[in-house]
Amino acid sequence: MTDSALAERRAAAVARGEAPYLVVDQVSKTFGTVMALERVSLTVEAGEFVSFLGPSGCGKTTLLRAIAGLDPATSGRISQAGRDITALPPAARDFGIVFQSYALFPNLTVAENIAYGLRGPSWPKPRRAQRVEELLSLVGLAEHIRKYPAQLSGGQQQRVALARALANEPGLLLLDEPLSALDAIVRLHLRQEIRALQRRLGVTTIMVTHDQEEAMGVSDRVVVMSRGHIAQIGRPEEIYRNPANPFVAGFVGRSAHFTARVDTPPGMLQAEDDGCRIEADAARGMLYGNRVEVFIRPEDVRLSRADAGGAGSFAVTVSHLEFLGSVCRLTLEAGTHRRLEADLAPDAAQALGATPGAKLAAAVPPARVLVFPADA
Amino acid sequence: MPEAPLGGAAALPSPVRPRAALDALLLRGGLWVAAAVLAVGLVLPLATLLLRAFEDQAGQFVGLANFAAYVTTPALLGAAWNSAWTAALTTLVVVPTAFLYAYALTRSCMPLKGLFRAIMLIPVLAPSLLPALALIYLFGNQGMLRGLLMGESIYGPIGIVIAQCFYCFPHAAIILAVALSTTDARLYEAAEALRAGRLRIFATVTLPGARYGLVSAAVVVFTLVVTDFGIPKVIGGQFPVLATDVYKQVVGLQDFNMGAVVGIVLLLPAVGAFLLDRWAQGKRAATLSGRAVAYVPRPRRGRDLPLLGLCLGVAAVLVGILAIAVWGSLIRFWPYTLSLTLDNYDFARFDATGWDSLLVSVRMAALAALLGSVLVFCTAWLLERGTPPSRLGGAVRFAATLPLAVPGLVLGLAFILFFNHPANPLGFVYGTLAILVLNCVVHFYTVAHLTAVTAIRQLDPEFEAVSASLKVPAWVTFGRVTVPICLPAILDIAVYLFVNTMTTVSAVIFLYGPDTKPASVAVVHMDEAGQASAAAAMAVCILGVTLSAKLLQVATGGLVERATQRWRRRV
């Protein structure tokens with residue numbers, strides 16, 4: 001009796017927006033002796049769009065499948081809308097899912113696929129047909145209702161899978177690498193569409209992806225994962241600007257990476273390999289002589305003519321130039337074996353005379369240098 | 001569950017015990033049913049057989065005494081040697097011929113490929129007794145071409161090897177045609193771009209690509225010959241082989257213990273061959289990537305014409321042997337009165353069961369096809385998709401691949417020993433149609449199982465997950481999606497079970513009762529009684545039934561396709 005009363009109170013708290021919609025608490029998952037997830041905890045607010053981002057094998061799909069109940073967690077607790085769902089079979093939970101392969105039923109038409117979960121007495125035929133039409137117009141496929149999946153393009157199949165997952169109005173939408181089977185242009189277009197649809201319906205959504213641009217582009221918050229742990233949770237710009245650890249700094253966005261030691265005066269670093277000195281605000285509070293990992297983003301490298309470099313600048317040689325349209329990416333050699341990348345507007349690159357072989361001066365604003373204590 | 005803290009960390013939160021949904025429990029129950037059928041129809045009988053080999057007639061444990069008696073009986077050892085060398089000789093003849101035939105079908109531009117492919121399959125539809133009977137017509141004591149043997153008798157190794165070649169040819173040719181048709185065309189383009197000559201390409205691309213197919217084909221032919229019972233029974237004369245020895249020990253001498261010993265000896269090459277074939281299959285699967293480009297041959301007279309000649313020759317022999325059997329069954333009194341008659345088809349004159357045995361066979365085959373394909377397909381789906389991986393699933397999976405390594409005669413013998421055991425409550429099924437059907441389904445289980453598994457593995461692995469998320473029970477998806485998509489494969493399984501149950505002798509010869517004598521056993525009996533023409537007539541009837549079943553499958557294939565496979569078309 002008290003249990004159910006407690007559950008009711010929790011559900012009411014979620015409904016008032018006081019408690020998170022989804023709570024993952026200390027969840028672990030082992031396959032045999034392999035630990036795929038180790039004590040992972042996170043919360044997702046109602047209506048939020050959260051991405052699980054990480055390299056393959058980091059446990060992001062395992063976590064998604066634990067939330068769905070497809071591969072139940074080995075230990076820990078997961079609750080959704082105040083209800084403990086950790087041990088429930090998938091059919092007793094409340095979610096819709098879209099897989100990378102879409103898993104559309106090939107022998108059923110688009111309409112039959114979407115109506116697949118609309119069974120039972122609460123879905124008489126007319127109501128079902130109406131719902132299917134509603135969903136098809138929602139994803140913009142109204143004219144394809146009689147077709148079979150094989151007769152649709154990849155992007156269209158994706159939308160059918162999305163409509164099918166949303167048919168029952170689930171409280172939680174799970175997307176398992178939903179875009180990775182599509183080509184680049186369709187992908188960009190569809191991810192914006194998914195995000196717009198999610199905003200319109202207000203459905204809490206979790207997307208698994210290994211594509212950081214995708215995760216950053218659509219998510220309210222990103223969960224960066226590595227080797228079964230959560231490396232960082234934050235808004236996209238937090239993750240990019242203030243990575244919590246070297247893994248996130250190296251994984252999200254591009255950067256040049258090297259190890260250094262804290263030097264004097266405070267805030268000065270000296271690279272371990274060639275002794276190059278660089279100033280970093282983040283190193284001010286660190287003890288002299290400590291080893292640190294340093295990351296420098298390409299857009300933070302300020303370039304000027306070799307003779308115009310101010311204090312704190314160092315000499316670099318352009319070794320390679322990549323023209324990417326809106327931006328030029330320069331590869332720079334500093335000293336004997338330091339390699340940096342710098343992003344520059346094409347016009348600015350031309351004005352500097354940045355061609356392979358050119359000598360320039362580079363500087364990095366101390367506030368922008370990312371510094372982390374190196375592990376032992 | 002070992003939940004020891006890792007790396008000195010604090011103890012983990014309490015483990016989760018996933019609650020299973022009702023449908024998950026029911027599906028697991030289904031797996032138990034499959035496990036029970038395979039236990040009663042395969043594992044327990046084989047275990048009984050193994051035990052009996054170590055007991056004397058009175059049921060006392062005697063250790064290896066039976067085996068010692070076997071090894072010291074020269075006649076029995078001689079039979080093993082006879083089995084081995086006739087099988088090796090057949091393999092040496094069949095595999096190269098089948099390779100060239102398959103090569104012609106897959107890598108040449110000769111005309112009539114479809115026809116040659118169809119003719120190649122004829123021996124599969126006929127009982128193995130049929131070529132033996134045809135050879136007796138040609139070369140037997142009253143044979144028309146007896147002179148060609150130059151005084152040798154067809155009753156013995158010569159007849160066995162020729163008849164086995166006919167019987168085994170399609171099995172080798174099918175395997176090799178598959179192996180040759182799955183080669184990547186890009187390898188040939190690369191070889192040509194590197195200016196390799198035709199012979200060099202054949203030696204460095206074609207043969208290596210097909211080498212595991214060649215191993216499989218050789219292994220299959222060798223096993224088929226060693227374990228076949230019908231051919232040596234009919235044409236072996238006084239030439240003893242393992243398969244006829246088992247029969248002689250059991251039916252002639254009623255020595256079940258020695259029968260069990262010979263059965264185990266017969267099991268050895270079959271198990272060895274099975275393991276070798278598994279190894280070759282594993283290797284072969286790894287050679288073909290998903291992105292391979294299909295090879296399309298270009299016409300070249302120097303290759304196409306000789307291959308066409310070879311195929312015509314082989315096809316003529318296959319059709320010829322079949323035609324001789326049909327013709328012989330219509331002859332009044334071979335070879336003296338060659339006028340045609342249907343008298344030989346009045347089976348009641350030759351065998352007490354008359355036409356009934358054919359009816360028994362059809363009923364038995366229809367039941368095996370119906371129940372067998374349901375059992376096989378449902379079990380394969382439960383293993384692949386319906387239930388999470390478990391130890392029970394692993395055991396069922398192993399049991400499903402085992403029958404391929406068990407010769408029919410050994411399985412039949414194991415059935416008698418198990419079901420006839422006084423303590424067995426299932427003893428009442430002995431001699432009924434039920435035991436015959438169970439025996440046949442189990443005997444031909446593996447190939448059917450592998451067909452089902454292959455078909456199911458082509459489906460998206462997330463179908464069941466999607467339906468669970470939509471709150472649709474797994475069996476609804478099984479009925480609405482899995483079965484309709486796999487219907488062609490299910491029909492293949494049903495026809496395979498039907499045809500093999502119709503034609504098998506070895507699996508059922510120990511098990512029939514007075515009212516349940518199958519047609520294939522009637523053929524053996526009529527031949528034993530010296531009624532070769534009637535035996536041939538009954539064999540032709542069996543062929544007629546299996547051929548009709550196959551043609552019916554081809555004819556209805558279009559309908560099934562239209563009804564369930566419409567979605568495969570892209571526009």
# chains A, B, ... in the order shown; residues from 1 in each chain; ligands from 1
call {"tool": "interface_residues", "arguments": {"of": "chain A", "to": "chain B", "cutoff": "6 Å", "atoms": "only C-alpha atoms", "output": "number ranges by chain"}}
result
A: 74-76, 87-91, 96, 103, 107, 117, 148, 150-151
call {"tool": "write_last_selection", "arguments": {"atoms": "N, CA and C atoms", "output": "mmCIF file, in the first residue's frame"}}
result
data_model
loop_
_atom_site.group_PDB
_atom_site.id
_atom_site.type_symbol
_atom_site.label_atom_id
_atom_site.label_comp_id
_atom_site.auth_asym_id
_atom_site.auth_seq_id
_atom_site.Cartn_x
_atom_site.Cartn_y
_atom_site.Cartn_z
ATOM 1 N N THR A 74 21.931 -5.247 -15.445
ATOM 2 C CA THR A 74 22.328 -6.276 -14.494
ATOM 3 C C THR A 74 22.087 -5.803 -13.064
ATOM 4 N N SER A 75 22.376 -4.519 -12.827
ATOM 5 C CA SER A 75 22.057 -3.962 -11.514
ATOM 6 C C SER A 75 21.770 -2.478 -11.675
ATOM 7 N N GLY A 76 21.257 -1.867 -10.611
ATOM 8 C CA GLY A 76 20.893 -0.464 -10.678
ATOM 9 C C GLY A 76 19.393 -0.288 -10.782
ATOM 10 N N ALA A 87 13.025 -3.807 -14.025
ATOM 11 C CA ALA A 87 12.898 -5.238 -14.288
ATOM 12 C C ALA A 87 11.750 -5.560 -15.235
ATOM 13 N N LEU A 88 11.072 -4.535 -15.737
ATOM 14 C CA LEU A 88 9.902 -4.814 -16.567
ATOM 15 C C LEU A 88 10.319 -5.293 -17.957
ATOM 16 N N PRO A 89 9.534 -6.200 -18.555
ATOM 17 C CA PRO A 89 9.783 -6.561 -19.954
ATOM 18 C C PRO A 89 9.427 -5.365 -20.849
ATOM 19 N N PRO A 90 10.000 -5.314 -22.070
ATOM 20 C CA PRO A 90 9.789 -4.145 -22.935
ATOM 21 C C PRO A 90 8.311 -3.813 -23.135
ATOM 22 N N ALA A 91 7.486 -4.862 -23.266
ATOM 23 C CA ALA A 91 6.081 -4.616 -23.589
ATOM 24 C C ALA A 91 5.349 -3.904 -22.447
ATOM 25 N N GLY A 96 8.688 4.282 -27.641
ATOM 26 C CA GLY A 96 8.717 3.918 -29.050
ATOM 27 C C GLY A 96 10.163 3.928 -29.469
ATOM 28 N N ALA A 103 14.085 -1.592 -39.190
ATOM 29 C CA ALA A 103 13.301 -2.800 -38.879
ATOM 30 C C ALA A 103 11.840 -2.641 -39.291
ATOM 31 N N ASN A 107 6.984 -7.042 -45.541
ATOM 32 C CA ASN A 107 5.824 -7.609 -46.239
ATOM 33 C C ASN A 107 4.542 -6.858 -45.903
ATOM 34 N N GLY A 117 1.074 -1.376 -34.096
ATOM 35 C CA GLY A 117 0.856 -1.414 -32.647
ATOM 36 C C GLY A 117 -0.533 -0.947 -32.236
ATOM 37 N N TYR A 148 5.050 -0.536 -50.288
ATOM 38 C CA TYR A 148 5.834 -1.386 -49.410
ATOM 39 C C TYR A 148 7.163 -0.700 -49.111
ATOM 40 N N ALA A 150 10.201 -1.509 -49.433
ATOM 41 C CA ALA A 150 11.253 -1.615 -50.443
ATOM 42 C C ALA A 150 11.069 -0.584 -51.552
ATOM 43 N N GLN A 151 9.852 -0.025 -51.678
ATOM 44 C CA GLN A 151 9.601 0.931 -52.746
ATOM 45 C C GLN A 151 9.869 2.372 -52.300
#
call {"tool": "select_by_dssp", "arguments": {"residues": "range 275-360 of chain B", "states": "strand (DSSP E)", "output": "list of chain:residue names"}}
result
B:Ile331, B:Arg332, B:Phe333, B:Thr337, B:Leu338, B:Ser339, B:Leu340
call {"tool": "closest_residue", "arguments": {"among": "B:Gly393, B:Gly259, B:Gly282, B:Pro123", "to": "Val33 in chain B", "atoms": "only C-alpha atoms"}}
result
B:Gly393
call {"tool": "closest_residue", "arguments": {"among": "A:Gln212, A:Gln100, A:Arg146, A:Asn242", "to": "Ala161 in chain A", "atoms": "only C-alpha atoms"}}
result
A:Gln100
call {"tool": "residues_around", "arguments": {"residues": "range 277-293 of chain A", "least_positions_apart": "6", "cutoff": "12 Å", "atoms": "only C-alpha atoms", "output": "PyMOL selection string"}}
result
chain A and resi 242+245-247+249-250+255-271+311-315+334-335+338+362-376
call {"tool": "residues_around", "arguments": {"residues": "range 329-333 of chain B", "least_positions_apart": "6", "cutoff": "12 Å", "atoms": "only C-alpha atoms", "output": "PyMOL selection string"}}
result
chain B and resi 130+133-134+137+142+322-323+339-347+531-541
call {"tool": "atom_distance", "arguments": {"atom1": "CA of His421 in chain B", "atom2": "CA of Ala69 in chain B"}}
result
24.2 Å
